[in-house]
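S.K.: Just target-v8.csv, nothing more (CSV, C-alpha atoms and all ligand atoms):
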```
chain,number,residue,atom,x,y,z
C,230,MET,CA,0.0,0.0,0.0
C,231,ALA,CA,3.0,2.3,0.7
C,232,GLY,CA,3.5,4.9,-2.0
C,233,SER,CA,0.1,4.8,-3.6
C,234,ASP,CA,-2.0,7.8,-3.8
C,235,SER,CA,-5.5,6.4,-4.4
C,236,PRO,CA,-7.5,5.2,-1.5
C,237,GLN,CA,-7.3,1.6,-0.6
C,238,ARG,CA,-9.3,-0.9,1.3
C,239,GLY,CA,-8.3,-2.8,4.4
C,240,GLN,CA,-9.6,-4.2,7.7
C,241,ALA,CA,-9.4,-2.2,10.9
C,242,GLN,CA,-8.2,-3.2,14.2
C,243,MET,CA,-7.5,-1.1,17.3
C,244,PHE,CA,-4.7,-1.1,19.7
C,245,GLY,CA,-5.7,0.9,22.7
C,246,SER,CA,-6.0,4.4,21.3
C,247,SER,CA,-4.5,3.9,17.8
C,248,ALA,CA,-5.9,2.1,14.8
C,249,LEU,CA,-4.2,-0.4,12.6
C,250,VAL,CA,-5.3,-1.4,9.2
C,251,TRP,CA,-4.7,-4.8,7.7
C,252,ASP,CA,-4.2,-4.4,4.0
C,253,GLY,CA,-3.8,-8.1,3.2
C,254,MET,CA,0.0,-7.8,3.6
C,255,ASP,CA,0.8,-5.6,6.6
C,256,MET,CA,-0.7,-4.0,9.6
C,257,LEU,CA,-0.4,-0.3,9.0
C,258,PRO,CA,-0.9,2.4,11.7
C,259,ALA,CA,-3.7,4.8,10.7
C,260,SER,CA,-5.7,7.6,12.3
C,261,LEU,CA,-9.3,8.5,11.9
C,262,GLY,CA,-9.8,11.0,9.2
C,263,PRO,CA,-11.3,14.4,10.2
C,264,LYS,CA,-14.8,13.6,8.8
C,265,LEU,CA,-15.1,10.4,10.9
C,266,LYS,CA,-13.5,12.0,14.0
C,267,SER,CA,-16.2,14.7,14.1
C,268,LYS,CA,-18.9,12.0,14.0
C,269,SER,CA,-18.5,10.8,17.5
C,270,LYS,CA,-16.8,11.6,20.8
C,271,SER,CA,-15.3,8.2,21.2
C,272,ARG,CA,-13.4,6.2,18.6
C,273,ALA,CA,-14.9,3.0,19.9
C,274,ASN,CA,-18.3,4.0,18.5
C,275,VAL,CA,-17.1,4.9,15.1
C,276,LEU,CA,-14.7,2.2,14.3
C,277,ALA,CA,-14.9,-1.5,15.3
C,278,VAL,CA,-12.3,-4.2,14.9
C,279,GLY,CA,-13.0,-5.9,11.6
C,280,ASP,CA,-14.5,-2.9,10.0
C,281,SER,CA,-13.7,-2.6,6.3
C,282,VAL,CA,-12.2,0.8,5.8
C,283,GLU,CA,-10.8,3.0,3.1
C,284,VAL,CA,-7.5,4.7,3.9
C,285,ALA,CA,-5.7,7.5,2.2
C,286,ARG,CA,-2.2,9.0,2.7
C,287,ASP,CA,-2.2,12.7,3.6
C,288,ALA,CA,0.3,15.3,2.5
C,289,ALA,CA,2.6,14.4,5.4
C,290,GLY,CA,2.6,10.7,4.4
C,291,ALA,CA,0.4,9.5,7.3
C,292,LEU,CA,-2.4,7.2,6.7
C,293,SER,CA,-5.9,8.1,7.7
C,294,ILE,CA,-9.2,6.3,7.5
C,295,VAL,CA,-11.5,8.2,5.2
C,296,SER,CA,-14.5,5.9,5.2
C,297,ILE,CA,-16.0,2.8,6.7
C,298,ALA,CA,-18.1,0.5,4.6
C,299,PRO,CA,-21.5,-0.5,5.9
C,300,ARG,CA,-21.1,-3.5,8.3
C,301,ARG,CA,-22.3,-6.8,6.9
C,302,THR,CA,-22.6,-8.1,10.4
C,303,SER,CA,-21.9,-6.7,13.8
C,304,LEU,CA,-21.6,-8.0,17.3
C,305,ALA,CA,-22.5,-5.5,19.9
C,306,ARG,CA,-23.4,-5.4,23.6
C,307,ALA,CA,-26.2,-3.2,24.7
C,308,GLY,CA,-25.1,-0.1,26.5
C,309,GLY,CA,-26.4,0.7,30.0
C,310,GLU,CA,-28.9,3.4,30.7
C,311,GLY,CA,-28.3,6.2,28.2
C,312,ARG,CA,-25.2,4.7,26.9
C,313,GLU,CA,-24.6,3.7,23.3
C,314,ALA,CA,-24.2,0.0,22.3
C,315,GLN,CA,-20.7,-1.2,22.5
C,316,PHE,CA,-19.4,-2.8,19.3
C,317,VAL,CA,-17.4,-5.9,19.9
C,318,ALA,CA,-16.5,-6.8,16.3
C,319,ALA,CA,-17.6,-6.0,12.8
C,320,ASN,CA,-18.0,-8.2,9.7
C,321,ALA,CA,-17.4,-11.6,11.5
C,322,GLU,CA,-19.3,-14.5,10.0
C,323,GLN,CA,-19.0,-16.7,13.1
C,324,ALA,CA,-19.0,-16.1,16.8
C,325,VAL,CA,-17.0,-18.7,18.7
C,326,ILE,CA,-18.4,-18.6,22.2
C,327,VAL,CA,-15.6,-19.9,24.3
C,328,THR,CA,-16.4,-21.5,27.7
C,329,SER,CA,-14.4,-23.7,30.0
C,330,ALA,CA,-15.4,-27.1,31.3
C,331,ALA,CA,-13.8,-26.1,34.6
C,332,GLU,CA,-11.7,-23.3,36.1
C,333,PRO,CA,-13.8,-21.1,35.7
C,334,PRO,CA,-16.9,-23.4,35.8
C,335,PHE,CA,-19.1,-23.8,32.7
C,336,ARG,CA,-21.8,-21.1,32.6
C,337,PRO,CA,-24.5,-21.9,30.1
C,338,GLY,CA,-26.4,-18.7,30.7
C,339,LEU,CA,-23.7,-16.6,29.1
C,340,VAL,CA,-23.8,-18.9,26.0
C,341,ASP,CA,-27.4,-18.1,25.4
C,342,ARG,CA,-26.8,-14.4,25.7
C,343,TRP,CA,-23.9,-14.4,23.2
C,344,ALA,CA,-26.0,-16.6,20.9
C,345,LEU,CA,-28.8,-14.0,21.0
C,346,LEU,CA,-26.4,-11.1,20.2
C,347,ALA,CA,-24.8,-13.1,17.4
C,348,HIS,CA,-28.2,-13.8,15.8
C,349,ARG,CA,-29.1,-10.2,16.2
C,350,GLY,CA,-26.0,-9.1,14.3
C,351,GLY,CA,-26.3,-11.7,11.5
C,352,ILE,CA,-23.5,-13.9,12.8
C,353,SER,CA,-23.6,-17.7,13.3
C,354,PRO,CA,-22.8,-18.8,16.8
C,355,MET,CA,-20.9,-21.9,17.8
C,356,LEU,CA,-19.8,-23.2,21.1
C,357,CYS,CA,-16.2,-24.0,22.0
C,358,LEU,CA,-15.8,-25.9,25.3
C,359,ASN,CA,-12.1,-25.4,26.3
C,360,LYS,CA,-10.0,-27.0,29.1
C,361,ALA,CA,-11.2,-30.5,28.1
C,362,ASP,CA,-8.1,-31.8,29.9
C,363,LEU,CA,-9.8,-30.9,33.2
C,364,VAL,CA,-12.8,-33.3,32.7
C,365,THR,CA,-13.5,-36.5,31.0
C,366,ARG,CA,-15.2,-36.6,27.5
C,367,GLU,CA,-18.3,-38.0,29.1
C,368,GLU,CA,-18.5,-35.2,31.7
C,369,ALA,CA,-18.1,-32.6,29.0
C,370,GLU,CA,-20.8,-34.1,26.8
C,371,ARG,CA,-23.1,-34.4,29.7
C,372,MET,CA,-22.6,-30.7,30.5
C,373,ILE,CA,-23.6,-29.7,27.0
C,374,ALA,CA,-26.6,-32.1,27.0
C,375,ASP,CA,-27.8,-31.0,30.4
C,376,ALA,CA,-27.5,-27.4,29.4
C,377,ALA,CA,-29.5,-28.1,26.1
C,378,ILE,CA,-27.4,-25.8,24.1
C,379,PRO,CA,-28.5,-26.0,20.5
C,380,LEU,CA,-25.3,-25.0,18.9
C,381,PRO,CA,-22.6,-26.8,16.9
C,382,PHE,CA,-19.8,-27.4,19.4
C,383,VAL,CA,-16.2,-28.4,19.6
C,384,LEU,CA,-14.4,-29.8,22.7
C,385,VAL,CA,-10.9,-28.6,22.9
C,386,SER,CA,-7.9,-28.1,25.2
C,387,ALA,CA,-5.5,-25.2,24.5
C,388,LYS,CA,-3.2,-27.0,27.0
C,389,THR,CA,-2.9,-30.4,25.4
C,390,GLY,CA,-4.0,-29.4,21.8
C,391,SER,CA,-6.8,-31.9,21.7
C,392,GLY,CA,-9.6,-30.9,19.4
C,393,ILE,CA,-7.6,-28.0,18.0
C,394,ASN,CA,-7.7,-29.4,14.4
C,395,GLU,CA,-11.4,-29.6,14.6
C,396,LEU,CA,-11.6,-26.0,15.7
C,397,LYS,CA,-9.2,-25.0,12.9
C,398,GLU,CA,-11.5,-26.6,10.4
C,399,THR,CA,-14.5,-24.6,11.6
C,400,ILE,CA,-12.8,-21.2,11.4
C,401,GLN,CA,-10.7,-21.7,8.3
C,402,GLY,CA,-11.2,-19.1,5.5
C,403,ILE,CA,-13.8,-17.0,7.4
C,404,THR,CA,-13.8,-14.3,10.0
C,405,SER,CA,-14.6,-15.4,13.5
C,406,VAL,CA,-14.8,-13.5,16.7
C,407,PHE,CA,-13.9,-15.2,20.0
C,408,VAL,CA,-16.0,-14.2,23.0
C,409,GLY,CA,-16.5,-15.4,26.5
C,410,HIS,CA,-15.7,-14.9,30.2
C,411,SER,CA,-12.2,-13.8,31.3
C,412,GLY,CA,-10.0,-16.8,31.9
C,413,VAL,CA,-11.8,-19.4,29.8
C,414,GLY,CA,-8.7,-19.5,27.4
C,415,LYS,CA,-9.6,-17.5,24.4
C,416,SER,CA,-6.1,-16.1,23.9
C,417,SER,CA,-4.6,-19.5,24.8
C,418,LEU,CA,-6.5,-21.0,22.0
C,419,LEU,CA,-5.3,-18.3,19.6
C,420,ARG,CA,-1.8,-19.0,20.7
C,421,ARG,CA,-2.3,-22.6,19.6
C,422,LEU,CA,-3.9,-21.6,16.3
C,423,ILE,CA,-1.2,-19.0,15.5
C,424,PRO,CA,2.0,-20.1,17.2
C,425,GLU,CA,4.1,-17.4,15.6
C,426,GLU,CA,2.1,-14.5,17.2
C,427,GLN,CA,3.1,-13.3,20.7
C,428,ILE,CA,-0.4,-13.4,22.3
C,429,ALA,CA,-0.5,-12.6,26.0
C,430,THR,CA,-2.4,-15.0,28.2
C,431,GLY,CA,-3.2,-14.6,31.9
C,432,THR,CA,-3.6,-16.7,35.0
C,433,LEU,CA,-6.6,-17.2,37.2
C,434,SER,CA,-7.1,-15.3,40.4
C,435,GLU,CA,-6.4,-17.8,43.3
C,436,LYS,CA,-9.0,-16.1,45.4
C,437,SER,CA,-12.0,-16.0,43.0
C,438,GLY,CA,-10.9,-18.6,40.4
C,439,LYS,CA,-11.8,-16.1,37.7
C,440,GLY,CA,-9.7,-14.7,34.9
C,441,ARG,CA,-7.7,-11.5,35.4
C,442,HIS,CA,-8.9,-9.6,32.2
C,443,THR,CA,-5.6,-10.1,30.5
C,444,THR,CA,-6.8,-9.1,27.0
C,445,SER,CA,-7.7,-5.5,27.3
C,446,SER,CA,-9.0,-4.7,23.8
C,447,ALA,CA,-10.2,-6.6,20.7
C,448,ARG,CA,-7.5,-7.6,18.2
C,449,LEU,CA,-7.6,-9.0,14.7
C,450,TYR,CA,-5.3,-11.9,13.8
C,451,ARG,CA,-4.7,-13.7,10.6
C,452,LEU,CA,-4.7,-17.5,10.6
C,453,PRO,CA,-1.8,-19.2,8.9
C,454,GLU,CA,-4.3,-21.4,7.0
C,455,GLY,CA,-6.4,-18.4,5.9
C,456,GLY,CA,-9.1,-16.6,7.6
C,457,LEU,CA,-9.2,-13.9,10.4
C,458,VAL,CA,-9.9,-14.2,14.1
C,459,ILE,CA,-10.8,-11.4,16.4
C,460,ASP,CA,-9.8,-12.0,20.1
C,461,THR,CA,-11.8,-10.0,22.6
C,462,PRO,CA,-11.5,-9.2,26.3
C,463,GLY,CA,-13.5,-11.4,28.6
C,464,VAL,CA,-16.6,-9.7,30.0
C,465,ARG,CA,-18.4,-10.1,33.3
C,466,SER,CA,-21.9,-9.6,32.0
C,467,VAL,CA,-23.5,-9.3,28.7
C,468,ALA,CA,-26.2,-6.7,28.4
C,469,LEU,CA,-28.9,-7.6,25.8
C,470,GLY,CA,-30.9,-4.4,25.7
C,471,GLY,CA,-34.5,-4.2,24.8
C,472,THR,CA,-35.7,-7.4,23.3
C,473,GLY,CA,-38.8,-9.6,23.4
C,474,PRO,CA,-40.0,-13.2,23.1
C,475,ALA,CA,-39.3,-13.4,19.4
C,476,GLU,CA,-35.6,-12.6,19.7
C,477,VAL,CA,-35.2,-14.9,22.7
C,478,ALA,CA,-36.9,-17.7,20.8
C,479,SER,CA,-34.3,-17.2,18.0
C,480,VAL,CA,-31.7,-18.8,20.3
C,481,PHE,CA,-33.8,-22.0,20.6
C,482,PRO,CA,-34.7,-23.7,17.2
C,483,GLU,CA,-37.4,-25.9,18.7
C,484,ILE,CA,-39.2,-22.9,20.0
C,485,GLN,CA,-38.6,-20.7,17.0
C,486,ASP,CA,-39.9,-23.5,14.7
C,487,ALA,CA,-43.1,-24.1,16.7
C,488,PRO,CA,-46.4,-23.4,14.9
C,489,PRO,CA,-47.9,-19.9,15.4
C,490,CYS,CA,-49.7,-19.4,18.7
C,491,ARG,CA,-53.2,-17.9,19.0
C,492,PHE,CA,-51.8,-14.5,19.9
C,493,THR,CA,-49.0,-13.0,17.8
C,494,SER,CA,-47.7,-11.3,21.0
C,495,CYS,CA,-47.5,-14.6,22.8
C,496,THR,CA,-44.6,-14.8,25.3
C,497,HIS,CA,-45.1,-18.6,25.6
C,498,ARG,CA,-45.6,-18.5,29.4
C,499,MET,CA,-49.2,-18.9,30.2
C,500,GLU,CA,-51.3,-17.7,27.3
C,501,PRO,CA,-54.1,-19.8,25.9
C,502,GLY,CA,-53.6,-21.4,22.5
C,503,CYS,CA,-49.8,-21.3,23.0
C,504,SER,CA,-48.2,-23.9,20.6
C,505,VAL,CA,-44.9,-23.8,22.6
C,506,LEU,CA,-46.6,-24.8,25.8
C,507,ALA,CA,-48.5,-27.5,23.8
C,508,GLY,CA,-45.2,-28.7,22.4
C,509,VAL,CA,-43.7,-29.0,25.9
C,510,GLN,CA,-46.8,-31.0,26.9
C,511,THR,CA,-46.4,-33.5,24.1
C,512,GLY,CA,-42.6,-33.6,24.5
C,513,ALA,CA,-41.9,-32.1,21.0
C,514,ILE,CA,-40.0,-29.3,22.9
C,515,PRO,CA,-37.7,-30.7,25.5
C,516,GLU,CA,-38.3,-29.4,29.0
C,517,ASN,CA,-34.8,-28.2,29.5
C,518,VAL,CA,-34.9,-26.2,26.3
C,519,TYR,CA,-38.1,-24.6,27.5
C,520,ALA,CA,-36.6,-23.9,30.9
C,521,ARG,CA,-33.7,-22.1,29.3
C,522,TYR,CA,-36.0,-20.1,27.2
C,523,ARG,CA,-38.0,-19.0,30.3
C,524,LYS,CA,-34.8,-18.1,32.1
C,525,LEU,CA,-33.4,-15.9,29.3
C,526,LEU,CA,-36.8,-14.3,28.8
C,527,LEU,CA,-37.1,-13.4,32.5
C,528,GLU,CA,-33.7,-11.8,32.3
C,529,VAL,CA,-34.6,-9.7,29.4
C,530,LEU,CA,-38.1,-8.7,30.5
C,531,VAL,CA,-37.0,-7.9,34.1
C,532,PRO,CA,-33.7,-6.0,33.7
V,1,LIG,N1,-6.0,-26.6,32.2
V,1,LIG,C1,-6.1,-25.8,31.2
V,1,LIG,N2,-5.8,-24.5,31.4
V,1,LIG,C2,-6.0,-23.6,30.3
V,1,LIG,C3,-6.4,-24.0,29.1
V,1,LIG,N3,-6.5,-23.0,28.2
V,1,LIG,C4,-6.2,-21.9,29.0
V,1,LIG,N4,-5.8,-22.3,30.2
V,1,LIG,C5,-5.4,-21.4,31.3
V,1,LIG,O1,-6.4,-20.5,31.6
V,1,LIG,C6,-5.9,-19.2,32.0
V,1,LIG,C7,-6.5,-18.1,31.2
V,1,LIG,O2,-6.2,-18.2,29.9
V,1,LIG,P1,-6.3,-17.0,28.8
V,1,LIG,O3,-6.0,-17.5,27.5
V,1,LIG,O4,-5.5,-15.8,29.2
V,1,LIG,O5,-7.9,-16.6,29.0
V,1,LIG,P2,-8.7,-15.5,28.2
V,1,LIG,O6,-10.1,-16.1,27.9
V,1,LIG,O7,-8.0,-15.0,27.0
V,1,LIG,O8,-8.9,-14.4,29.3
V,1,LIG,P3,-9.1,-12.8,29.1
V,1,LIG,O9,-8.1,-12.3,28.1
V,1,LIG,O10,-8.9,-12.3,30.5
V,1,LIG,O11,-10.5,-12.6,28.6
V,1,LIG,C8,-4.4,-19.3,31.9
V,1,LIG,O12,-3.8,-19.6,33.1
V,1,LIG,C9,-4.2,-20.5,30.9
V,1,LIG,O13,-3.0,-21.2,31.1
V,1,LIG,C10,-6.7,-25.5,28.9
V,1,LIG,O14,-7.1,-26.0,27.8
V,1,LIG,N5,-6.5,-26.2,30.0
V,2,MG,MG,-7.4,-13.1,26.5
V,3,ZN,ZN,-46.9,-19.1,22.6
```
As structure tokens - that is how I would like this structure written.
Ligand SMILES: Nc1nc2c(ncn2[C@@H]2O[C@H](COP(=O)(O)OP(=O)(O)OP(=O)(O)O)[C@@H](O)[C@H]2O)c(=O)[nH]1
Ligand SMILES: [Mg+2]
Ligand SMILES: [Zn+2]
M.R.:
Amino acid sequence: MAGSDSPQRGQAQMFGSSALVWDGMDMLPASLGPKLKSKSKSRANVLAVGDSVEVARDAAGALSIVSIAPRRTSLARAGGEGREAQFVAANAEQAVIVTSAAEPPFRPGLVDRWALLAHRGGISPMLCLNKADLVTREEAERMIADAAIPLPFVLVSAKTGSGINELKETIQGITSVFVGHSGVGKSSLLRRLIPEEQIATGTLSEKSGKGRHTTSSARLYRLPEGGLVIDTPGVRSVALGGTGPAEVASVFPEIQDAPPCRFTSCTHRMEPGCSVLAGVQTGAIPENVYARYRKLLLEVLVP
């Protein structure tokens, strides 16, 4: 890209306060152009990691980002009261929801939340259960079955390397974003996938058993086999923002595919003529799937 005058395209990634643009060959430092700068007070809300940007060289030879293409997909957490949504990543095709089988313990509730946000942003979610070395295969499979998580899943260990090839196959050639709690091993998995990169990983707090928030901002990496991966910082909670039964149902195929209920506004909790409740009665919808739906719905209806 160096030396060219015409604007060129690349993919953005941020490093704390400065942006980098991946042009297919190199990571080039670039600043936000004046037009984009004036758009928002905070850079985070203008540019997200993975954004497809156009950069141009100014008179002094510095690169600046002149435009951002409309996002094909976006992963965003809802902002708190009065705050804007927080973009996690742009243009990813797949969200790899990373959890650990132990240390920290498996938390299915967070998986549903990320799956909902992925669906909302047009991204396919999948589950990656890490730290397989800490449990038996049977225990891991039982965990997933008990939680009734309706996602494709891989069981891996960043420590021993088991399952890593399977994970590689699912992310090859596309853009994936890794999300999940702090300490589940997102960065450790990336270190396995891209051995030549110096990716920082952390330890768990002895007191709480939780991660130490080692990754502090999202980063884009290129996989040696082709494809891009966005590593993100672990989050404590995932705000979903205003949503309703239809969006919650999108996480659970059995519920989403149920025939229409008598009332279009049905929340599938106690309404007459509810086809979901009927499905639970007949066993067409497994009880644990329905229980997860109820739990997530309660969380989004009662903030
Ligand atoms: N036993 C075991 N430990 C692992 C495995 N993967 C990661 N760890 C450990 O888990 C801890 C946290 O790993 P990280 O990769 O930093 O976790 P992270 O998800 O990137 O955490 P944040 O950046 O804070 O969000 C480290 O002590 C790793 O050594 C695994 O497969 N098995
Ligand atoms: Mg990390
Ligand atoms: Zn219903």
S.K.: So that each row is one residue of chain C with an atom at most 7 Å from ligand ZN 3 (chain V), can you give its shortest atom pair and the distance in Å to one decimal, using only C-alpha atoms and all ligand atoms, rows by chain and rising number, as a tab-separated table?
M.R.:
```
residue	atom	partner	partner_atom	distance
C:Cys490	CA	V:ZN3	ZN	4.8
C:Cys495	CA	V:ZN3	ZN	4.5
C:Thr496	CA	V:ZN3	ZN	5.6
C:His497	CA	V:ZN3	ZN	3.5
C:Arg498	CA	V:ZN3	ZN	6.9
C:Glu500	CA	V:ZN3	ZN	6.6
C:Cys503	CA	V:ZN3	ZN	3.7
C:Ser504	CA	V:ZN3	ZN	5.4
C:Val505	CA	V:ZN3	ZN	5.1
C:Leu506	CA	V:ZN3	ZN	6.5
```
S.K.: When the cut-off is 9 Å and you count only C-alpha atoms and all ligand atoms, which residues lie near ligand LIG 1 (chain V), shown as a PDB file with C-alpha atoms, in the frame of the given file?
M.R.:
```
ATOM      1  CA  VAL C 327     -15.600 -19.900  24.300  1.00  0.00           C
ATOM      2  CA  THR C 328     -16.400 -21.500  27.700  1.00  0.00           C
ATOM      3  CA  SER C 329     -14.400 -23.700  30.000  1.00  0.00           C
ATOM      4  CA  ALA C 331     -13.800 -26.100  34.600  1.00  0.00           C
ATOM      5  CA  GLU C 332     -11.700 -23.300  36.100  1.00  0.00           C
ATOM      6  CA  PRO C 333     -13.800 -21.100  35.700  1.00  0.00           C
ATOM      7  CA  ASN C 359     -12.100 -25.400  26.300  1.00  0.00           C
ATOM      8  CA  LYS C 360     -10.000 -27.000  29.100  1.00  0.00           C
ATOM      9  CA  ALA C 361     -11.200 -30.500  28.100  1.00  0.00           C
ATOM     10  CA  ASP C 362      -8.100 -31.800  29.900  1.00  0.00           C
ATOM     11  CA  LEU C 363      -9.800 -30.900  33.200  1.00  0.00           C
ATOM     12  CA  VAL C 385     -10.900 -28.600  22.900  1.00  0.00           C
ATOM     13  CA  SER C 386      -7.900 -28.100  25.200  1.00  0.00           C
ATOM     14  CA  ALA C 387      -5.500 -25.200  24.500  1.00  0.00           C
ATOM     15  CA  LYS C 388      -3.200 -27.000  27.000  1.00  0.00           C
ATOM     16  CA  THR C 389      -2.900 -30.400  25.400  1.00  0.00           C
ATOM     17  CA  GLY C 390      -4.000 -29.400  21.800  1.00  0.00           C
ATOM     18  CA  SER C 391      -6.800 -31.900  21.700  1.00  0.00           C
ATOM     19  CA  PHE C 407     -13.900 -15.200  20.000  1.00  0.00           C
ATOM     20  CA  VAL C 408     -16.000 -14.200  23.000  1.00  0.00           C
ATOM     21  CA  GLY C 409     -16.500 -15.400  26.500  1.00  0.00           C
ATOM     22  CA  HIS C 410     -15.700 -14.900  30.200  1.00  0.00           C
ATOM     23  CA  SER C 411     -12.200 -13.800  31.300  1.00  0.00           C
ATOM     24  CA  GLY C 412     -10.000 -16.800  31.900  1.00  0.00           C
ATOM     25  CA  VAL C 413     -11.800 -19.400  29.800  1.00  0.00           C
ATOM     26  CA  GLY C 414      -8.700 -19.500  27.400  1.00  0.00           C
ATOM     27  CA  LYS C 415      -9.600 -17.500  24.400  1.00  0.00           C
ATOM     28  CA  SER C 416      -6.100 -16.100  23.900  1.00  0.00           C
ATOM     29  CA  SER C 417      -4.600 -19.500  24.800  1.00  0.00           C
ATOM     30  CA  LEU C 418      -6.500 -21.000  22.000  1.00  0.00           C
ATOM     31  CA  LEU C 419      -5.300 -18.300  19.600  1.00  0.00           C
ATOM     32  CA  ARG C 420      -1.800 -19.000  20.700  1.00  0.00           C
ATOM     33  CA  ILE C 428      -0.400 -13.400  22.300  1.00  0.00           C
ATOM     34  CA  ALA C 429      -0.500 -12.600  26.000  1.00  0.00           C
ATOM     35  CA  THR C 430      -2.400 -15.000  28.200  1.00  0.00           C
ATOM     36  CA  GLY C 431      -3.200 -14.600  31.900  1.00  0.00           C
ATOM     37  CA  THR C 432      -3.600 -16.700  35.000  1.00  0.00           C
ATOM     38  CA  LEU C 433      -6.600 -17.200  37.200  1.00  0.00           C
ATOM     39  CA  LYS C 439     -11.800 -16.100  37.700  1.00  0.00           C
ATOM     40  CA  GLY C 440      -9.700 -14.700  34.900  1.00  0.00           C
ATOM     41  CA  ARG C 441      -7.700 -11.500  35.400  1.00  0.00           C
ATOM     42  CA  HIS C 442      -8.900  -9.600  32.200  1.00  0.00           C
ATOM     43  CA  THR C 443      -5.600 -10.100  30.500  1.00  0.00           C
ATOM     44  CA  THR C 444      -6.800  -9.100  27.000  1.00  0.00           C
ATOM     45  CA  SER C 445      -7.700  -5.500  27.300  1.00  0.00           C
ATOM     46  CA  SER C 446      -9.000  -4.700  23.800  1.00  0.00           C
ATOM     47  CA  ASP C 460      -9.800 -12.000  20.100  1.00  0.00           C
ATOM     48  CA  THR C 461     -11.800 -10.000  22.600  1.00  0.00           C
ATOM     49  CA  PRO C 462     -11.500  -9.200  26.300  1.00  0.00           C
ATOM     50  CA  GLY C 463     -13.500 -11.400  28.600  1.00  0.00           C
ATOM     51  CA  VAL C 464     -16.600  -9.700  30.000  1.00  0.00           C
TER      52      VAL C 464
END
```
S.K.: So, counting all atoms listed in the file, which residue among C:Leu396, C:Leu292, C:Ile459, C:Ala347 is closest to ligand MG 2 (chain V)?
M.R.: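 Closest to ligand MG 2 (chain V), using all atoms listed in the file: C:Ile459.
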S.K.: What does the structure give for the distance between atom CA of Arg521 of chain C and atom CA of Arg366 of chain C, in Å to one decimal?
M.R.: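 A separation of 23.6 Å between them.
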S.K.: Between atom CA of Gly456 of chain C and atom CA of Gln240 of chain C, what distance in Å does the model show, to one decimal?
M.R.: 12.4 Å
S.K.: Ranking C:Glu425, C:Glu528, C:Asp375, C:Asp287 by minimum distance to Pro474 of chain C and counting all atoms listed in the file, which one comes first?
M.R.: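 Looking at the shortest contact to Pro474 of chain C, the residue is C:Glu528.
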